[in-house]
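A.B. asks: Contents of structure.txt (compact mmCIF, C-alpha atoms (C1' of nucleotides)) are given next:
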```
# COMPACT_ATOMS: atom_id res chain seq x y z
CA MET A 1 -18.76 9.09 9.44
CA LEU A 2 -16.50 8.51 6.44
CA ILE A 3 -13.63 6.04 6.78
CA ALA A 4 -10.99 5.59 4.10
CA THR A 5 -7.80 3.75 3.23
CA PHE A 6 -5.13 5.13 0.91
CA ASN A 7 -1.76 3.64 -0.02
CA VAL A 8 0.14 6.84 -0.85
CA ASN A 9 3.43 5.28 -2.03
CA SER A 10 5.56 7.86 -0.16
CA ILE A 11 3.77 10.42 2.01
CA ARG A 12 6.32 13.10 1.15
CA GLN A 13 5.80 12.66 -2.60
CA ARG A 14 2.02 12.50 -2.20
CA LEU A 15 1.35 15.27 0.32
CA PRO A 16 -0.24 17.63 -2.28
CA HIS A 17 -2.55 14.87 -3.54
CA LEU A 18 -3.47 13.83 -0.01
CA THR A 19 -4.25 17.34 1.26
CA ARG A 20 -6.36 18.15 -1.82
CA TRP A 21 -8.28 14.93 -1.37
CA LEU A 22 -8.74 15.46 2.40
CA GLN A 23 -10.32 18.81 1.65
CA THR A 24 -12.69 17.56 -1.03
CA ARG A 25 -13.67 14.14 0.36
CA ALA A 26 -13.47 15.32 4.00
CA PRO A 27 -13.05 11.85 5.52
CA ASP A 28 -13.31 11.45 9.29
CA ILE A 29 -10.69 8.71 9.54
CA VAL A 30 -7.99 7.73 7.05
CA CYS A 31 -5.58 4.79 7.16
CA LEU A 32 -2.42 5.44 5.17
CA GLN A 33 0.09 2.89 3.91
CA GLU A 34 3.58 3.00 2.39
CA LEU A 35 4.66 6.19 4.13
CA LYS A 36 8.29 5.31 3.30
CA CYS A 37 9.64 7.58 6.02
CA LEU A 38 10.43 7.71 9.71
CA ASP A 39 7.93 9.28 12.13
CA GLU A 40 10.07 12.43 12.43
CA ALA A 41 10.02 12.93 8.65
CA PHE A 42 6.22 12.66 8.39
CA PRO A 43 4.62 15.98 7.32
CA ARG A 44 2.55 16.14 10.49
CA GLU A 45 1.84 19.86 10.71
CA GLU A 46 0.37 20.12 7.21
CA ILE A 47 -2.21 17.45 8.05
CA GLU A 48 -2.90 18.64 11.58
CA ALA A 49 -3.67 22.04 10.06
CA LEU A 50 -6.61 20.39 8.27
CA GLY A 51 -8.07 19.27 11.59
CA TYR A 52 -6.67 15.76 11.94
CA GLN A 53 -5.00 13.97 14.79
CA VAL A 54 -1.98 12.23 13.25
CA GLU A 55 -0.70 8.88 14.52
CA THR A 56 2.17 7.25 12.67
CA HIS A 57 4.12 4.01 12.70
CA GLY A 58 6.87 4.87 10.27
CA GLN A 59 9.89 3.14 8.80
CA LYS A 60 12.78 4.36 6.71
CA THR A 61 12.50 3.72 2.94
CA PHE A 62 9.80 1.04 3.02
CA ASN A 63 6.39 0.32 4.53
CA GLY A 64 5.07 2.65 7.24
CA VAL A 65 1.41 3.14 8.23
CA ALA A 66 -0.59 5.94 9.83
CA ILE A 67 -4.08 6.83 11.01
CA LEU A 68 -5.51 10.32 10.59
CA SER A 69 -8.62 11.14 12.61
CA ARG A 70 -10.85 14.16 13.03
CA HIS A 71 -12.03 12.63 16.32
CA GLY A 72 -9.88 11.73 19.29
CA ILE A 73 -8.04 8.45 18.78
CA ALA A 74 -6.05 6.42 21.31
CA ILE A 75 -3.47 4.14 19.68
CA GLU A 76 -3.39 0.66 21.19
CA HIS A 77 -0.91 -1.11 18.90
CA ARG A 78 1.96 -0.12 16.66
CA GLY A 79 2.88 -3.45 15.11
CA LEU A 80 0.70 -6.56 14.91
CA PRO A 81 0.19 -8.14 18.37
CA GLY A 82 1.73 -11.59 18.67
CA PHE A 83 3.87 -11.18 15.56
CA GLU A 84 7.56 -10.33 15.73
CA ASP A 85 8.12 -7.97 12.82
CA GLU A 86 10.79 -5.47 11.88
CA GLN A 87 8.52 -3.99 9.22
CA ALA A 88 6.01 -1.24 10.05
CA ARG A 89 2.76 -2.68 8.70
CA TYR A 90 0.10 -2.36 11.41
CA ILE A 91 -1.45 0.34 13.58
CA GLU A 92 -4.65 0.09 15.65
CA GLY A 93 -6.56 2.54 17.79
CA VAL A 94 -9.89 3.37 19.36
CA VAL A 95 -11.78 6.45 18.18
CA SER A 96 -14.14 8.28 20.52
CA LEU A 97 -17.29 8.99 18.56
CA PRO A 98 -19.10 12.28 18.89
CA GLN A 99 -22.14 11.48 21.04
CA GLY A 100 -25.44 13.28 20.91
CA GLN A 101 -28.09 10.64 20.35
CA GLY A 102 -28.70 9.40 23.86
CA PRO A 103 -26.70 6.99 25.98
CA ALA A 104 -24.05 4.71 24.51
CA THR A 105 -25.42 1.21 23.88
CA THR A 106 -24.76 -1.62 21.49
CA LYS A 107 -27.08 0.11 19.08
CA ASN A 108 -25.54 3.50 19.82
CA PRO A 109 -21.82 2.89 20.23
CA SER A 110 -19.48 5.45 21.72
CA VAL A 111 -16.32 4.06 20.17
CA LEU A 112 -15.07 2.75 16.87
CA ARG A 113 -11.99 0.54 16.66
CA ILE A 114 -9.88 1.07 13.55
CA ALA A 115 -6.94 -0.99 12.33
CA GLY A 116 -4.73 0.13 9.44
CA VAL A 117 -2.77 -2.62 7.73
CA TYR A 118 -0.24 -2.99 4.95
CA PHE A 119 0.05 -6.65 4.00
CA PRO A 120 3.27 -7.98 2.48
CA ASN A 121 3.35 -8.34 -1.29
CA GLY A 122 4.70 -11.90 -1.11
CA ASN A 123 6.40 -12.18 -4.48
CA PRO A 124 8.03 -14.25 -5.74
CA LEU A 125 6.14 -17.47 -5.09
CA GLY A 126 7.96 -20.08 -3.06
CA SER A 127 10.24 -17.49 -1.48
CA GLU A 128 10.65 -16.42 2.14
CA LYS A 129 8.63 -13.36 1.20
CA PHE A 130 5.64 -15.51 0.32
CA ALA A 131 5.97 -17.39 3.63
CA TYR A 132 6.16 -14.03 5.42
CA LYS A 133 2.96 -12.89 3.69
CA ARG A 134 1.14 -16.03 4.83
CA ASN A 135 2.50 -15.78 8.39
CA PHE A 136 1.42 -12.15 8.59
CA MET A 137 -2.05 -13.12 7.34
CA ALA A 138 -2.30 -15.89 9.93
CA ALA A 139 -1.24 -13.55 12.74
CA LEU A 140 -3.76 -10.91 11.71
CA THR A 141 -6.50 -13.54 11.53
CA ARG A 142 -5.68 -14.67 15.09
CA HIS A 143 -5.73 -11.09 16.33
CA ALA A 144 -8.92 -10.27 14.44
CA LYS A 145 -10.63 -13.16 16.22
CA ASP A 146 -9.81 -11.53 19.56
CA LEU A 147 -11.05 -8.17 18.31
CA LEU A 148 -14.36 -9.59 17.10
CA ALA A 149 -14.93 -11.05 20.55
CA LEU A 150 -15.08 -7.47 21.85
CA GLU A 151 -18.27 -7.02 19.77
CA GLU A 152 -17.33 -3.44 18.99
CA PRO A 153 -17.75 -1.52 15.77
CA LEU A 154 -14.47 -2.41 14.02
CA VAL A 155 -12.97 -1.59 10.63
CA ILE A 156 -9.79 -3.22 9.35
CA ALA A 157 -8.70 -1.02 6.47
CA GLY A 158 -5.70 -1.13 4.24
CA ASP A 159 -3.69 -2.56 1.39
CA TYR A 160 -4.26 -6.31 1.68
CA ASN A 161 -2.21 -7.14 -1.42
CA VAL A 162 -4.84 -9.75 -2.28
CA ILE A 163 -7.11 -9.86 -5.34
CA PRO A 164 -10.11 -11.65 -3.78
CA GLN A 165 -11.91 -12.77 -6.96
CA PRO A 166 -11.32 -12.88 -10.73
CA GLU A 167 -13.75 -9.99 -11.16
CA ASP A 168 -11.39 -7.89 -9.04
CA ALA A 169 -8.85 -7.85 -11.88
CA ARG A 170 -9.26 -6.63 -15.45
CA PHE A 171 -7.04 -9.48 -16.72
CA PRO A 172 -7.08 -12.15 -14.00
CA GLU A 173 -5.08 -14.56 -16.19
CA ASN A 174 -2.15 -12.13 -16.01
CA TRP A 175 -1.98 -12.64 -12.23
CA ARG A 176 -1.93 -16.46 -12.20
CA GLY A 177 1.69 -16.68 -11.10
CA ASP A 178 1.52 -13.73 -8.72
CA ALA A 179 1.37 -13.80 -4.92
CA LEU A 180 -1.59 -11.38 -4.99
CA PHE A 181 -3.82 -13.91 -6.74
CA GLN A 182 -2.53 -17.26 -5.43
CA PRO A 183 -5.15 -19.71 -4.17
CA GLU A 184 -3.35 -19.64 -0.79
CA SER A 185 -3.46 -15.83 -0.60
CA ARG A 186 -7.11 -15.75 -1.58
CA ALA A 187 -7.95 -18.53 0.89
CA ASP A 188 -6.17 -16.63 3.68
CA PHE A 189 -8.23 -13.54 2.85
CA ARG A 190 -11.45 -15.58 2.79
CA LYS A 191 -10.54 -17.18 6.11
CA LEU A 192 -10.07 -13.76 7.68
CA ALA A 193 -13.31 -12.41 6.20
CA ALA A 194 -15.22 -15.55 7.20
CA LEU A 195 -14.61 -14.77 10.87
CA GLY A 196 -17.46 -12.37 10.39
CA PHE A 197 -16.27 -9.43 8.31
CA THR A 198 -17.94 -7.80 5.33
CA ASP A 199 -16.03 -6.30 2.37
CA ALA A 200 -17.53 -2.79 2.18
CA ILE A 201 -17.15 -2.42 -1.59
CA ARG A 202 -18.63 -5.82 -2.42
CA ALA A 203 -21.47 -5.27 0.06
CA THR A 204 -22.60 -2.24 -1.91
CA SER A 205 -21.83 -3.16 -5.53
CA ASP A 206 -21.41 -6.21 -7.72
CA SER A 207 -20.16 -4.32 -10.76
CA ASP A 208 -16.77 -5.14 -12.21
CA ARG A 209 -14.02 -2.64 -12.98
CA LEU A 210 -13.87 -1.54 -9.37
CA TYR A 211 -10.13 -1.24 -8.99
CA SER A 212 -7.87 0.44 -6.44
CA PHE A 213 -4.44 -0.11 -8.05
CA TRP A 214 -3.01 0.36 -11.53
CA ASP A 215 0.67 -0.38 -12.16
CA TYR A 216 2.83 2.53 -13.27
CA GLN A 217 4.17 0.38 -16.08
CA ALA A 218 2.96 -0.59 -19.54
CA GLY A 219 0.14 1.97 -19.62
CA ALA A 220 -1.92 0.06 -17.06
CA TRP A 221 -4.01 3.13 -16.15
CA GLN A 222 -4.71 4.09 -19.76
CA ARG A 223 -5.88 0.52 -20.46
CA ASP A 224 -7.79 0.33 -17.17
CA ASN A 225 -5.66 -2.70 -16.38
CA GLY A 226 -6.37 -2.51 -12.65
CA ILE A 227 -6.84 -4.71 -9.62
CA ARG A 228 -8.79 -4.32 -6.37
CA ILE A 229 -6.42 -4.96 -3.45
CA ASP A 230 -7.28 -2.17 -0.98
CA HIS A 231 -10.15 -3.25 1.25
CA LEU A 232 -12.32 -2.19 4.18
CA LEU A 233 -13.42 -5.14 6.29
CA LEU A 234 -16.34 -4.33 8.58
CA SER A 235 -17.35 -6.08 11.78
CA PRO A 236 -21.07 -7.00 12.15
CA GLN A 237 -21.59 -3.98 14.42
CA VAL A 238 -20.48 -1.74 11.54
CA VAL A 239 -22.24 -3.50 8.67
CA ASP A 240 -25.59 -2.58 10.19
CA ARG A 241 -24.54 1.04 9.81
CA LEU A 242 -23.06 0.91 6.30
CA VAL A 243 -24.58 3.57 4.02
CA GLU A 244 -22.37 3.51 0.93
CA ALA A 245 -18.86 2.74 -0.23
CA GLY A 246 -16.71 4.02 -3.07
CA ILE A 247 -13.36 4.31 -4.79
CA ASP A 248 -11.90 7.69 -5.76
CA ARG A 249 -10.27 6.53 -8.97
CA GLU A 250 -9.92 10.05 -10.36
CA LEU A 251 -6.81 10.52 -8.24
CA ARG A 252 -4.99 8.06 -10.50
CA ALA A 253 -5.32 10.57 -13.38
CA GLU A 254 -3.54 13.37 -11.50
CA GLU A 255 0.07 14.40 -12.06
CA LYS A 256 2.56 12.15 -10.26
CA PRO A 257 -0.13 10.00 -8.63
CA SER A 258 0.23 7.08 -6.26
CA ASP A 259 -0.34 3.75 -8.00
CA HIS A 260 -3.22 3.21 -5.50
CA VAL A 261 -6.33 5.37 -4.96
CA PRO A 262 -8.48 5.92 -1.84
CA VAL A 263 -11.23 3.44 -0.97
CA TRP A 264 -13.87 4.57 1.52
CA CYS A 265 -17.15 3.76 3.23
CA ARG A 266 -19.77 5.93 4.90
CA LEU A 267 -21.30 4.79 8.19
CA ARG A 268 -24.28 5.96 10.19
CA LEU A 269 -22.30 6.73 13.32
C1' DA B 1 11.57 -14.34 -20.64
C1' DT B 2 12.33 -9.48 -19.35
C1' DG B 3 11.42 -4.64 -18.92
C1' DC B 4 8.18 -1.19 -18.65
C1' DC B 5 7.53 3.00 -13.88
C1' DA B 6 8.39 5.09 -9.49
C1' DG B 7 10.66 6.03 -4.90
C1' DC B 8 14.59 5.78 -1.96
C1' DA B 9 19.34 5.43 -0.57
C1' DT B 10 24.30 8.56 0.42
C1' DG B 11 23.39 7.47 -5.34
C1' DT B 12 24.76 8.59 -11.19
C1' DT B 13 22.97 2.30 -10.06
C1' DG B 14 20.65 -1.23 -7.31
C1' DC B 15 16.81 -2.62 -4.51
C1' DT B 16 11.86 -3.10 -3.88
C1' DG B 17 7.31 -2.87 -5.11
C1' DA B 18 2.78 -5.21 -7.48
```
Represent the structure of the file as structure tokens.
C.D. replies:
Amino acid sequence: MLIATFNVNSIRQRLPHLTRWLQTRAPDIVCLQELKCLDEAFPREEIEALGYQVETHGQKTFNGVAILSRHGIAIEHRGLPGFEDEQARYIEGVVSLPQGQGPATTKNPSVLRIAGVYFPNGNPLGSEKFAYKRNFMAALTRHAKDLLALEEPLVIAGDYNVIPQPEDARFPENWRGDALFQPESRADFRKLAALGFTDAIRATSDSDRLYSFWDYQAGAWQRDNGIRIDHLLLSPQVVDRLVEAGIDRELRAEEKPSDHVPVWCRLRL
DNA sequence: ATGCCAGCATGTTGCTGA
């Protein structure tokens, strides 16, 4: 079972990259962010043709999230529960897992809950946008607490717009005044993770230069001036089943790429 | 200190992003 997150920065601009990658990486479940289009403008048929159920929560021009799944998924939330929001940043559903190894138990779950999230950027500091970022974080943390109480396999995947640690940036000093690397933003992320989640990439590697975003500007990609802001947070019921995790950075070298690349983890499910 | 680059809107420039 391969689960991935990919901020495409416009699904219509990135459809060729996405379909190529779906065919080579063959993920089971993909959370997409920054669709930048309404549900009716989403290129649904092209992705369904590759064997995916497509569930979108779109918005014109900005934001927009989706979940693609090779297995049946029932959407439970479009929009973060308990958080009034005009921006499309959250989608959550329950995936029915293919059974075949005996009866469903805690050690042999029949479902996987997946949440796709696109956190606010929050710049500039001291603005309403920064307050919105922190409020969104607080609301997700409250909701995540409820989800953990279900004791289900759960993955919260997406663009968190948080650089967790200095080693998650090539030049951390360049991000001192940025909402992505503020002590408050990092503390909010730690608070969420400390509820009982595990960062899939950090659970499987302590090497540096594991980045998921490179700015389009100033030759950031050529200089490997990247940051790691796209994360997969795993509930305890999933961590036990984590096999490996990775980042498909080669997509950043393609023609007309997104500024983010896919991050994924493989589970024994 | 600002722009760099990219995408979108009903556009030939301004905004948002990170």
A.B. asks: Just give me the gap between atom CA of Asp248 of chain A and atom CA of Ser110 of chain A in Å, one decimal is fine.
C.D. replies: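 It comes out at 28.6 Å.
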A.B. asks: Report the distance between atom CA of Arg223 of chain A and atom CA of Arg170 of chain A in Å, rounded to one decimal place.
C.D. replies: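 So the two atoms, atom CA of Arg223 of chain A and atom CA of Arg170 of chain A, lie 9.4 Å apart.
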A.B. asks: Counting all atoms listed in the file, a student should be able to say which residues of chain B come within 9 Å of chain A; what is the right answer, written as number ranges by chain?
C.D. replies: B: 4-9, 16-18
A.B. asks: Just give me the gap between atom CA of Leu234 of chain A and atom CA of Phe197 of chain A in Å, one decimal is fine.
C.D. replies: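 Calculated distance between atom CA of Leu234 of chain A and atom CA of Phe197 of chain A is 5.1 Å.
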A.B. asks: Nearest to Leu80 of chain A: which of A:Val54, A:Leu233, A:Ala4, A:Ala138 is it, counting only C-alpha atoms?
C.D. replies: A:Ala138
A.B. asks: Residues within 10 Å of Arg89 of chain A, please, as a PyMOL selection string. Count all atoms listed in the file; anything in the same chain fewer than 4 positions from it doesn't count.
C.D. replies: chain A and resi 33-34+57-59+62-66+78-80+85+116-120+136+158-159
A.B. asks: Give me the residues within 9 Å of Ser235 of chain A as number ranges by chain, counting all atoms listed in the file and dropping any in the same chain fewer than 4 places off.
C.D. replies: A: 148, 151-156, 196-198, 239
A.B. asks: Determine the nearest neighbour of Ile91 of chain A from the options A:Glu55, A:His231, A:Phe181, A:Ser69, counting only C-alpha atoms.
C.D. replies: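 Checking each candidate against Ile91 of chain A, we get A:Glu55 as the closest.
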A.B. asks: Compare A:Val95, A:Leu192, A:Ala115, A:Ala144 by their minimum atom-to-atom distance to Gly82 of chain A, counting all atoms listed in the file, and give me the closest one.
C.D. replies: A:Ala144
A.B. asks: Reconstruct N, CA and C atoms of segment 176-212 of chain A; output as a PDB file, keeping the file's coordinate frame.
C.D. replies:
```
ATOM      1  N   ARG A 176      -1.964 -15.048 -12.610  1.00  0.00           N
ATOM      2  CA  ARG A 176      -1.930 -16.460 -12.200  1.00  0.00           C
ATOM      3  C   ARG A 176      -0.703 -16.793 -11.380  1.00  0.00           C
ATOM      4  N   GLY A 177       0.451 -16.314 -11.799  1.00  0.00           N
ATOM      5  CA  GLY A 177       1.690 -16.680 -11.100  1.00  0.00           C
ATOM      6  C   GLY A 177       2.118 -15.666 -10.060  1.00  0.00           C
ATOM      7  N   ASP A 178       1.175 -14.833  -9.621  1.00  0.00           N
ATOM      8  CA  ASP A 178       1.520 -13.730  -8.720  1.00  0.00           C
ATOM      9  C   ASP A 178       0.982 -13.995  -7.316  1.00  0.00           C
ATOM     10  N   ALA A 179       1.751 -13.571  -6.321  1.00  0.00           N
ATOM     11  CA  ALA A 179       1.370 -13.800  -4.920  1.00  0.00           C
ATOM     12  C   ALA A 179       0.027 -13.153  -4.580  1.00  0.00           C
ATOM     13  N   LEU A 180      -0.349 -12.096  -5.307  1.00  0.00           N
ATOM     14  CA  LEU A 180      -1.590 -11.380  -4.990  1.00  0.00           C
ATOM     15  C   LEU A 180      -2.839 -12.188  -5.352  1.00  0.00           C
ATOM     16  N   PHE A 181      -2.652 -13.175  -6.234  1.00  0.00           N
ATOM     17  CA  PHE A 181      -3.820 -13.910  -6.740  1.00  0.00           C
ATOM     18  C   PHE A 181      -3.643 -15.413  -6.564  1.00  0.00           C
ATOM     19  N   GLN A 182      -2.719 -15.833  -5.696  1.00  0.00           N
ATOM     20  CA  GLN A 182      -2.530 -17.260  -5.430  1.00  0.00           C
ATOM     21  C   GLN A 182      -3.731 -17.827  -4.684  1.00  0.00           C
ATOM     22  N   PRO A 183      -4.073 -19.072  -4.947  1.00  0.00           N
ATOM     23  CA  PRO A 183      -5.150 -19.710  -4.170  1.00  0.00           C
ATOM     24  C   PRO A 183      -4.912 -19.580  -2.667  1.00  0.00           C
ATOM     25  N   GLU A 184      -3.640 -19.735  -2.231  1.00  0.00           N
ATOM     26  CA  GLU A 184      -3.350 -19.640  -0.790  1.00  0.00           C
ATOM     27  C   GLU A 184      -3.633 -18.224  -0.269  1.00  0.00           C
ATOM     28  N   SER A 185      -3.236 -17.216  -1.025  1.00  0.00           N
ATOM     29  CA  SER A 185      -3.460 -15.830  -0.600  1.00  0.00           C
ATOM     30  C   SER A 185      -4.957 -15.533  -0.523  1.00  0.00           C
ATOM     31  N   ARG A 186      -5.672 -15.995  -1.530  1.00  0.00           N
ATOM     32  CA  ARG A 186      -7.110 -15.750  -1.580  1.00  0.00           C
ATOM     33  C   ARG A 186      -7.827 -16.521  -0.469  1.00  0.00           C
ATOM     34  N   ALA A 187      -7.357 -17.749  -0.189  1.00  0.00           N
ATOM     35  CA  ALA A 187      -7.950 -18.530   0.890  1.00  0.00           C
ATOM     36  C   ALA A 187      -7.686 -17.869   2.244  1.00  0.00           C
ATOM     37  N   ASP A 188      -6.489 -17.334   2.429  1.00  0.00           N
ATOM     38  CA  ASP A 188      -6.170 -16.630   3.680  1.00  0.00           C
ATOM     39  C   ASP A 188      -7.104 -15.430   3.867  1.00  0.00           C
ATOM     40  N   PHE A 189      -7.338 -14.706   2.780  1.00  0.00           N
ATOM     41  CA  PHE A 189      -8.230 -13.540   2.850  1.00  0.00           C
ATOM     42  C   PHE A 189      -9.660 -13.987   3.169  1.00  0.00           C
ATOM     43  N   ARG A 190     -10.099 -15.058   2.517  1.00  0.00           N
ATOM     44  CA  ARG A 190     -11.450 -15.580   2.790  1.00  0.00           C
ATOM     45  C   ARG A 190     -11.589 -16.040   4.231  1.00  0.00           C
ATOM     46  N   LYS A 191     -10.516 -16.679   4.744  1.00  0.00           N
ATOM     47  CA  LYS A 191     -10.540 -17.180   6.110  1.00  0.00           C
ATOM     48  C   LYS A 191     -10.688 -16.016   7.095  1.00  0.00           C
ATOM     49  N   LEU A 192      -9.964 -14.957   6.836  1.00  0.00           N
ATOM     50  CA  LEU A 192     -10.070 -13.760   7.680  1.00  0.00           C
ATOM     51  C   LEU A 192     -11.483 -13.185   7.595  1.00  0.00           C
ATOM     52  N   ALA A 193     -11.987 -12.998   6.375  1.00  0.00           N
ATOM     53  CA  ALA A 193     -13.310 -12.410   6.200  1.00  0.00           C
ATOM     54  C   ALA A 193     -14.394 -13.283   6.828  1.00  0.00           C
ATOM     55  N   ALA A 194     -14.204 -14.612   6.717  1.00  0.00           N
ATOM     56  CA  ALA A 194     -15.220 -15.550   7.200  1.00  0.00           C
ATOM     57  C   ALA A 194     -15.358 -15.558   8.719  1.00  0.00           C
ATOM     58  N   LEU A 195     -14.438 -14.919   9.427  1.00  0.00           N
ATOM     59  CA  LEU A 195     -14.610 -14.770  10.870  1.00  0.00           C
ATOM     60  C   LEU A 195     -15.838 -13.939  11.179  1.00  0.00           C
ATOM     61  N   GLY A 196     -16.272 -13.167  10.184  1.00  0.00           N
ATOM     62  CA  GLY A 196     -17.460 -12.370  10.390  1.00  0.00           C
ATOM     63  C   GLY A 196     -17.387 -10.962   9.819  1.00  0.00           C
ATOM     64  N   PHE A 197     -16.433 -10.760   8.895  1.00  0.00           N
ATOM     65  CA  PHE A 197     -16.270  -9.430   8.310  1.00  0.00           C
ATOM     66  C   PHE A 197     -16.993  -9.328   6.970  1.00  0.00           C
ATOM     67  N   THR A 198     -17.317  -8.096   6.620  1.00  0.00           N
ATOM     68  CA  THR A 198     -17.940  -7.800   5.330  1.00  0.00           C
ATOM     69  C   THR A 198     -17.056  -6.827   4.558  1.00  0.00           C
ATOM     70  N   ASP A 199     -16.795  -7.153   3.289  1.00  0.00           N
ATOM     71  CA  ASP A 199     -16.030  -6.300   2.370  1.00  0.00           C
ATOM     72  C   ASP A 199     -16.956  -5.141   1.947  1.00  0.00           C
ATOM     73  N   ALA A 200     -16.614  -3.931   2.367  1.00  0.00           N
ATOM     74  CA  ALA A 200     -17.530  -2.790   2.180  1.00  0.00           C
ATOM     75  C   ALA A 200     -17.870  -2.549   0.714  1.00  0.00           C
ATOM     76  N   ILE A 201     -16.887  -2.679  -0.168  1.00  0.00           N
ATOM     77  CA  ILE A 201     -17.150  -2.420  -1.590  1.00  0.00           C
ATOM     78  C   ILE A 201     -18.092  -3.478  -2.156  1.00  0.00           C
ATOM     79  N   ARG A 202     -17.800  -4.745  -1.866  1.00  0.00           N
ATOM     80  CA  ARG A 202     -18.630  -5.820  -2.420  1.00  0.00           C
ATOM     81  C   ARG A 202     -20.022  -5.868  -1.774  1.00  0.00           C
ATOM     82  N   ALA A 203     -20.159  -5.298  -0.577  1.00  0.00           N
ATOM     83  CA  ALA A 203     -21.470  -5.270   0.060  1.00  0.00           C
ATOM     84  C   ALA A 203     -22.385  -4.245  -0.596  1.00  0.00           C
ATOM     85  N   THR A 204     -21.799  -3.324  -1.343  1.00  0.00           N
ATOM     86  CA  THR A 204     -22.600  -2.240  -1.910  1.00  0.00           C
ATOM     87  C   THR A 204     -22.626  -2.253  -3.429  1.00  0.00           C
ATOM     88  N   SER A 205     -21.839  -3.125  -4.070  1.00  0.00           N
ATOM     89  CA  SER A 205     -21.830  -3.160  -5.530  1.00  0.00           C
ATOM     90  C   SER A 205     -21.331  -4.501  -6.030  1.00  0.00           C
ATOM     91  N   ASP A 206     -21.917  -4.995  -7.110  1.00  0.00           N
ATOM     92  CA  ASP A 206     -21.410  -6.210  -7.720  1.00  0.00           C
ATOM     93  C   ASP A 206     -20.867  -5.922  -9.118  1.00  0.00           C
ATOM     94  N   SER A 207     -20.679  -4.644  -9.429  1.00  0.00           N
ATOM     95  CA  SER A 207     -20.160  -4.320 -10.760  1.00  0.00           C
ATOM     96  C   SER A 207     -18.670  -4.629 -10.827  1.00  0.00           C
ATOM     97  N   ASP A 208     -18.200  -4.900 -12.049  1.00  0.00           N
ATOM     98  CA  ASP A 208     -16.770  -5.140 -12.210  1.00  0.00           C
ATOM     99  C   ASP A 208     -16.089  -3.784 -12.471  1.00  0.00           C
ATOM    100  N   ARG A 209     -14.820  -3.854 -12.751  1.00  0.00           N
ATOM    101  CA  ARG A 209     -14.020  -2.640 -12.980  1.00  0.00           C
ATOM    102  C   ARG A 209     -14.016  -1.721 -11.768  1.00  0.00           C
ATOM    103  N   LEU A 210     -14.060  -2.318 -10.597  1.00  0.00           N
ATOM    104  CA  LEU A 210     -13.870  -1.540  -9.370  1.00  0.00           C
ATOM    105  C   LEU A 210     -12.453  -1.830  -8.894  1.00  0.00           C
ATOM    106  N   TYR A 211     -11.527  -0.992  -9.291  1.00  0.00           N
ATOM    107  CA  TYR A 211     -10.130  -1.240  -8.990  1.00  0.00           C
ATOM    108  C   TYR A 211      -9.574  -0.152  -8.069  1.00  0.00           C
ATOM    109  N   SER A 212      -8.501  -0.535  -7.345  1.00  0.00           N
ATOM    110  CA  SER A 212      -7.870   0.440  -6.440  1.00  0.00           C
ATOM    111  C   SER A 212      -6.384   0.607  -6.746  1.00  0.00           C
TER     112      SER A 212
END
```
